[in-house]
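Student: Contents of entry09.pdb (PDB, C-alpha atoms) are given next:
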ATOM      1  CA  MET A   1     182.833 137.288  34.583
ATOM      2  CA  ALA A   2     179.405 137.026  32.977
ATOM      3  CA  ARG A   3     180.594 134.122  30.848
ATOM      4  CA  ALA A   4     182.212 132.455  33.869
ATOM      5  CA  LEU A   5     179.025 132.682  35.930
ATOM      6  CA  ALA A   6     176.613 131.846  33.097
ATOM      7  CA  PRO A   7     176.660 128.030  33.506
ATOM      8  CA  THR A   8     175.511 128.253  37.126
ATOM      9  CA  HIS A   9     173.576 131.535  37.413
ATOM     10  CA  ARG A  10     170.844 133.597  35.824
ATOM     11  CA  LEU A  11     172.473 136.914  34.999
ATOM     12  CA  ILE A  12     171.485 140.568  35.115
ATOM     13  CA  LEU A  13     174.109 142.508  33.169
ATOM     14  CA  GLY A  14     174.327 146.127  34.308
ATOM     15  CA  GLY A  15     176.127 148.913  32.466
ATOM     16  CA  ARG A  16     175.749 151.988  30.299
ATOM     17  CA  ASP A  17     176.262 150.495  26.818
ATOM     18  CA  ARG A  18     172.938 148.932  25.785
ATOM     19  CA  ALA A  19     174.295 147.515  22.529
ATOM     20  CA  ALA A  20     177.224 145.832  24.274
ATOM     21  CA  LEU A  21     174.949 144.419  26.977
ATOM     22  CA  ASP A  22     172.476 143.078  24.420
ATOM     23  CA  GLY A  23     175.284 141.472  22.442
ATOM     24  CA  LEU A  24     176.703 139.771  25.517
ATOM     25  CA  ALA A  25     173.317 138.642  26.802
ATOM     26  CA  ALA A  26     172.445 137.115  23.425
ATOM     27  CA  GLY A  27     175.376 134.724  23.694
ATOM     28  CA  LEU A  28     174.553 133.474  27.195
ATOM     29  CA  PRO A  29     171.941 130.893  28.216
ATOM     30  CA  ASP A  30     169.974 133.040  30.677
ATOM     31  CA  ALA A  31     170.999 136.688  30.781
ATOM     32  CA  THR A  32     169.135 139.989  30.805
ATOM     33  CA  ALA A  33     170.596 143.331  29.799
ATOM     34  CA  TRP A  34     170.134 146.054  32.399
ATOM     35  CA  PRO A  35     171.164 149.408  30.879
ATOM     36  CA  VAL A  36     171.745 151.765  33.781
ATOM     37  CA  GLU A  37     173.873 154.717  34.834
ATOM     38  CA  LEU A  38     175.240 153.408  38.109
ATOM     39  CA  THR A  39     175.828 156.886  39.532
ATOM     40  CA  GLU A  40     172.099 157.580  39.164
ATOM     41  CA  VAL A  41     170.559 154.237  40.163
ATOM     42  CA  THR A  42     167.333 154.432  42.174
ATOM     43  CA  ALA A  43     165.038 152.051  44.034
ATOM     44  CA  ALA A  44     162.818 151.910  40.952
ATOM     45  CA  ASP A  45     165.702 150.450  38.929
ATOM     46  CA  VAL A  46     165.947 147.403  41.223
ATOM     47  CA  ALA A  47     162.264 147.053  42.081
ATOM     48  CA  GLY A  48     161.916 143.703  40.313
ATOM     49  CA  ILE A  49     164.861 142.045  42.055
ATOM     50  CA  ASP A  50     163.545 140.204  45.113
ATOM     51  CA  ARG A  51     166.348 137.689  45.538
ATOM     52  CA  LEU A  52     170.002 138.011  44.560
ATOM     53  CA  ASP A  53     172.614 135.337  45.148
ATOM     54  CA  VAL A  54     175.655 137.196  43.787
ATOM     55  CA  LEU A  55     176.462 140.859  43.224
ATOM     56  CA  VAL A  56     179.705 141.655  41.392
ATOM     57  CA  HIS A  57     180.916 145.267  41.371
ATOM     58  CA  SER A  58     183.403 145.716  38.529
ATOM     59  CA  ALA A  59     182.912 149.278  37.248
ATOM     60  CA  GLY A  60     185.730 151.744  37.818
ATOM     61  CA  VAL A  61     187.636 154.729  36.468
ATOM     62  CA  VAL A  62     191.159 156.044  36.892
ATOM     63  CA  THR A  63     192.726 159.394  36.038
ATOM     64  CA  LEU A  64     196.438 159.557  36.721
ATOM     65  CA  GLY A  65     198.139 162.676  38.003
ATOM     66  CA  SER A  66     200.073 164.085  40.897
ATOM     67  CA  ILE A  67     198.222 165.513  43.864
ATOM     68  CA  ALA A  68     199.355 168.958  42.742
ATOM     69  CA  ASP A  69     197.786 168.449  39.293
ATOM     70  CA  THR A  70     194.571 166.629  40.270
ATOM     71  CA  PRO A  71     191.593 169.019  40.511
ATOM     72  CA  ALA A  72     188.546 168.480  42.682
ATOM     73  CA  GLU A  73     186.376 167.304  39.798
ATOM     74  CA  VAL A  74     188.678 164.301  39.229
ATOM     75  CA  TRP A  75     188.489 163.371  42.898
ATOM     76  CA  ARG A  76     184.696 163.699  42.873
ATOM     77  CA  ARG A  77     184.195 161.646  39.702
ATOM     78  CA  THR A  78     186.585 158.932  40.887
ATOM     79  CA  MET A  79     184.894 158.634  44.261
ATOM     80  CA  GLU A  80     181.402 158.828  42.748
ATOM     81  CA  ILE A  81     181.960 155.890  40.395
ATOM     82  CA  ASN A  82     184.418 153.777  42.380
ATOM     83  CA  VAL A  83     182.826 154.133  45.823
ATOM     84  CA  VAL A  84     179.500 155.976  46.060
ATOM     85  CA  ALA A  85     177.826 154.088  43.195
ATOM     86  CA  VAL A  86     178.949 150.785  44.738
ATOM     87  CA  ALA A  87     177.637 151.725  48.160
ATOM     88  CA  GLU A  88     174.275 152.900  46.830
ATOM     89  CA  LEU A  89     173.633 149.918  44.571
ATOM     90  CA  THR A  90     174.557 147.560  47.391
ATOM     91  CA  ARG A  91     172.260 149.428  49.792
ATOM     92  CA  LEU A  92     169.344 149.214  47.373
ATOM     93  CA  LEU A  93     169.919 145.491  46.806
ATOM     94  CA  LEU A  94     170.429 144.528  50.455
ATOM     95  CA  PRO A  95     166.899 143.135  50.886
ATOM     96  CA  ALA A  96     167.393 140.842  47.877
ATOM     97  CA  LEU A  97     170.858 139.828  49.048
ATOM     98  CA  ARG A  98     169.604 139.101  52.581
ATOM     99  CA  ALA A  99     166.772 136.980  51.190
ATOM    100  CA  ALA A 100     169.304 134.790  49.405
ATOM    101  CA  GLY A 101     172.098 134.869  51.973
ATOM    102  CA  GLY A 102     174.007 136.351  49.068
ATOM    103  CA  HIS A 103     177.578 137.121  48.129
ATOM    104  CA  VAL A 104     178.970 140.572  47.290
ATOM    105  CA  LEU A 105     182.227 140.683  45.335
ATOM    106  CA  LEU A 106     184.100 143.929  44.873
ATOM    107  CA  ILE A 107     186.775 144.126  42.181
ATOM    108  CA  ASN A 108     189.293 146.328  43.926
ATOM    109  CA  SER A 109     192.929 146.766  42.838
ATOM    110  CA  GLY A 110     196.482 146.473  44.017
ATOM    111  CA  ALA A 111     196.050 150.217  44.516
ATOM    112  CA  GLY A 112     193.617 149.348  47.303
ATOM    113  CA  LEU A 113     196.560 147.938  49.250
ATOM    114  CA  ARG A 114     199.214 150.559  48.493
ATOM    115  CA  ALA A 115     199.352 154.080  47.078
ATOM    116  CA  ASN A 116     201.863 155.041  44.397
ATOM    117  CA  PRO A 117     202.839 158.420  42.948
ATOM    118  CA  ALA A 118     200.362 159.698  40.323
ATOM    119  CA  TRP A 119     197.782 157.128  41.477
ATOM    120  CA  VAL A 120     196.658 158.828  44.694
ATOM    121  CA  SER A 121     193.059 159.725  43.779
ATOM    122  CA  TYR A 122     192.468 156.221  42.431
ATOM    123  CA  ALA A 123     194.178 154.564  45.409
ATOM    124  CA  ALA A 124     192.114 156.666  47.818
ATOM    125  CA  SER A 125     188.934 155.416  46.155
ATOM    126  CA  LYS A 126     190.114 151.817  46.333
ATOM    127  CA  PHE A 127     191.142 152.168  49.982
ATOM    128  CA  ALA A 128     187.611 153.467  50.590
ATOM    129  CA  LEU A 129     186.167 150.511  48.665
ATOM    130  CA  ARG A 130     188.164 148.170  50.893
ATOM    131  CA  ALA A 131     186.755 149.881  53.998
ATOM    132  CA  PHE A 132     183.246 149.587  52.568
ATOM    133  CA  ALA A 133     183.699 145.852  52.041
ATOM    134  CA  ASP A 134     185.096 145.362  55.539
ATOM    135  CA  GLY A 135     182.223 147.306  57.073
ATOM    136  CA  LEU A 136     179.601 145.501  55.013
ATOM    137  CA  ARG A 137     181.016 142.157  56.120
ATOM    138  CA  LEU A 138     180.676 143.168  59.780
ATOM    139  CA  GLU A 139     177.235 144.748  59.477
ATOM    140  CA  GLU A 140     175.684 141.996  57.356
ATOM    141  CA  PRO A 141     176.917 138.695  58.828
ATOM    142  CA  SER A 142     174.443 136.675  56.752
ATOM    143  CA  LEU A 143     176.267 137.748  53.579
ATOM    144  CA  ARG A 144     179.613 136.743  52.165
ATOM    145  CA  VAL A 145     181.743 139.720  51.102
ATOM    146  CA  THR A 146     184.911 139.309  49.051
ATOM    147  CA  SER A 147     187.420 141.985  48.068
ATOM    148  CA  VAL A 148     189.407 141.022  44.955
ATOM    149  CA  TYR A 149     192.771 142.746  44.478
ATOM    150  CA  PRO A 150     194.039 142.072  40.959
ATOM    151  CA  GLY A 151     197.158 143.532  39.432
ATOM    152  CA  ARG A 152     197.004 145.040  35.967
ATOM    153  CA  ILE A 153     194.428 143.403  33.694
ATOM    154  CA  ALA A 154     194.490 143.369  29.888
ATOM    155  CA  THR A 155     191.401 145.541  29.347
ATOM    156  CA  ASP A 156     190.511 148.763  27.541
ATOM    157  CA  MET A 157     190.889 150.529  30.884
ATOM    158  CA  GLN A 158     194.486 149.334  31.003
ATOM    159  CA  ARG A 159     195.059 150.670  27.492
ATOM    160  CA  GLY A 160     193.921 154.052  28.746
ATOM    161  CA  VAL A 161     196.221 153.813  31.754
ATOM    162  CA  ARG A 162     199.201 153.012  29.559
ATOM    163  CA  GLU A 163     198.375 155.991  27.344
ATOM    164  CA  GLN A 164     198.337 158.219  30.424
ATOM    165  CA  GLU A 165     201.666 156.738  31.497
ATOM    166  CA  GLY A 166     203.145 157.189  28.029
ATOM    167  CA  GLY A 167     203.915 153.484  27.675
ATOM    168  CA  GLU A 168     202.980 150.582  25.420
ATOM    169  CA  PHE A 169     200.169 148.153  26.092
ATOM    170  CA  GLU A 170     202.041 144.872  26.643
ATOM    171  CA  ARG A 171     199.359 142.228  27.021
ATOM    172  CA  SER A 172     201.728 139.451  28.046
ATOM    173  CA  LYS A 173     202.629 141.405  31.201
ATOM    174  CA  TYR A 174     199.042 141.678  32.441
ATOM    175  CA  LEU A 175     196.409 139.357  33.830
ATOM    176  CA  GLU A 176     193.826 138.128  31.349
ATOM    177  CA  PRO A 177     190.227 139.077  32.204
ATOM    178  CA  ASP A 178     189.267 135.390  32.099
ATOM    179  CA  THR A 179     191.894 134.648  34.736
ATOM    180  CA  VAL A 180     190.353 137.148  37.128
ATOM    181  CA  ALA A 181     186.884 135.839  36.296
ATOM    182  CA  ARG A 182     187.898 132.295  37.199
ATOM    183  CA  ALA A 183     189.219 133.527  40.543
ATOM    184  CA  VAL A 184     185.915 135.291  41.214
ATOM    185  CA  LEU A 185     184.043 132.119  40.265
ATOM    186  CA  ALA A 186     186.157 130.097  42.703
ATOM    187  CA  ALA A 187     185.143 132.454  45.506
ATOM    188  CA  VAL A 188     181.480 132.220  44.492
ATOM    189  CA  LEU A 189     181.496 128.433  44.286
ATOM    190  CA  ALA A 190     183.356 127.872  47.546
ATOM    191  CA  GLY A 191     181.287 125.705  49.883
ATOM    192  CA  PRO A 192     178.720 127.296  52.204
ATOM    193  CA  ASP A 193     181.117 126.807  55.103
ATOM    194  CA  ALA A 194     183.805 128.931  53.350
ATOM    195  CA  HIS A 195     183.950 132.721  53.336
ATOM    196  CA  LEU A 196     186.811 133.960  51.178
ATOM    197  CA  THR A 197     187.131 137.526  52.400
ATOM    198  CA  GLU A 198     190.116 138.680  50.313
ATOM    199  CA  LEU A 199     191.715 137.474  47.113
ATOM    200  CA  THR A 200     194.925 138.896  45.612
ATOM    201  CA  LEU A 201     196.114 138.143  42.079
ATOM    202  CA  ARG A 202     199.315 139.328  40.418
ATOM    203  CA  PRO A 203     200.592 138.949  36.866
ATOM    204  CA  SER A 204     203.456 136.509  36.576
ATOM    205  CA  GLU A 205     205.516 139.369  35.145
ATOM    206  CA  GLY A 206     205.161 143.116  34.777
ATOM    207  CA  PRO A 207     204.134 145.929  37.151
ATOM    208  CA  VAL A 208     202.153 145.125  40.263
ATOM    209  CA  SER A 209     199.945 148.228  40.530
TER     210      SER A 209
END
Translate this file's structure into structure tokens.
Tutor:
Amino acid sequence: MARALAPTHRLILGGRDRAALDGLAAGLPDATAWPVELTEVTAADVAGIDRLDVLVHSAGVVTLGSIADTPAEVWRRTMEINVVAVAELTRLLLPALRAAGGHVLLINSGAGLRANPAWVSYAASKFALRAFADGLRLEEPSLRVTSVYPGRIATDMQRGVREQEGGEFERSKYLEPDTVARAVLAAVLAGPDAHLTELTLRPSEGPVS
């Protein structure tokens, strides 16, 4: 997504891995690395951001397991990263987003539309993320808010999911990250009279969750 947005935007790249952020930023025309633990972000971390046109939330975690086998700490960690960190970072950046009439994009999941066995804690967090987006859209009418519901994406996270499921990582059955990025870019670049509130993508073959 950073590479997709780079031709048209100045970028602030947030995440925990400073080396990875620096490497990505070095290959883009106008990008700044922002090493941050999103579950601990404070007002001081965003103090220099006075105007923000686009905010993309793409961090997330998943731990598979039945309800009977999912302890409270998994629920708390999943909600903390997938929902609470999103809500807090958005809250802190609202003044900058309002100043720009900005656009908030939340990378949700097919699990935000349906719950499947062994995915309940993750689905609950994504249902909550959907509710957050819907509420933000109503409370902040000057902003555009888009929920993106992709199917499985060929990422390291998906490799971890397949390990938990005891299956092989079959890249041809998943969406490519660049494909999702182009869909996000289309929502961002839609004309000022267009507000794309929801976007659903599915792989042409393979599982839909």
Student: Looking at all atoms listed in the file, which of A:Leu5, A:Ala19, A:Ile107, A:Ile81 is the one that sits closest to Trp34 in chain A?
Tutor: A:Ala19
Student: For Phe169 in chain A, work out the shell of residues within 8 Å, counting all atoms listed in the file and skipping chain neighbours fewer than 6 positions away, then give it as a CSV table (one decimal) with C-alpha atoms, in the coordinates of the input.
Tutor:
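Result file around.csv:
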chain,number,residue,atom,x,y,z
A,158,GLN,CA,194.5,149.3,31.0
A,159,ARG,CA,195.1,150.7,27.5
A,162,ARG,CA,199.2,153.0,29.6
Student: Choose the residue, out of A:Gly102, A:Val188, A:Pro141, A:Gly167, that has the smallest atom-to-atom separation from Asp50 in chain A; count all atoms listed in the file.
Tutor: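 Comparing A:Gly102, A:Val188, A:Pro141, A:Gly167 against Asp50 in chain A, the winner is A:Gly102.
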Student: Restricting the calculation to only C-alpha atoms, which member of A:Pro150, A:Pro203, A:Gly160, A:Pro71 is positioned closest to Ala181 in chain A?
Tutor: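 Smallest distance to Ala181 in chain A is found for A:Pro150.
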Student: Can you list, as a list in words, the residues that the PyMOL selection byres ((chain A and resi 24-26) around 12) selects here?
Tutor: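 Given this file, the PyMOL selection byres ((chain A and resi 24-26) around 12) evaluates to Met1, Ala2, Arg3, Ala6, Arg10, Leu11, Ile12, Leu13, Gly14, Gly15, Asp17, Arg18, Ala19, Ala20, Leu21, Asp22, Gly23, Gly27, Leu28, Pro29, Asp30, Ala31, Thr32, Ala33, Trp34 and Pro35 of chain A.
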Student: Within 6 Å of Asn108 in chain A, counting all atoms listed in the file, which residues qualify if same-chain residues fewer than 2 places away don't, as a ChimeraX atom specification?
Tutor: /A:106,148-149
Student: From the options A:Thr90, A:Ser58, A:Thr63, A:Thr8, which residue's atoms come nearest to Glu140 in chain A, counting all atoms listed in the file?
Tutor: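 Counting all atoms listed in the file, the residue closest to Glu140 in chain A is A:Thr90.
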Student: Would you work out the distance separating CA of Arg98 in chain A from CA of Gly135 in chain A, expressed in Å to one decimal?
Tutor: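 Taking CA of Arg98 in chain A as the start and CA of Gly135 in chain A as the end point, the length is 15.7 Å.
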Student: Can you measure CA of His103 in chain A to CA of Asn82 in chain A for me? One decimal in Å is fine.
Tutor: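 The value is 18.9 Å.
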Student: Quick one: residues within 12 Å of Asn116 in chain A, all atoms listed in the file counted, chain neighbours fewer than 4 positions away excluded, as a ChimeraX atom specification?
Tutor: /A:64-67,110-112,120-124,207-209
Student: What residues come out when you apply the PyMOL selection byres ((chain A and resi 153) around 7) to this file, written as an NGL selection string?
Tutor: :A and (151-152 or 154-155 or 158 or 174-177)
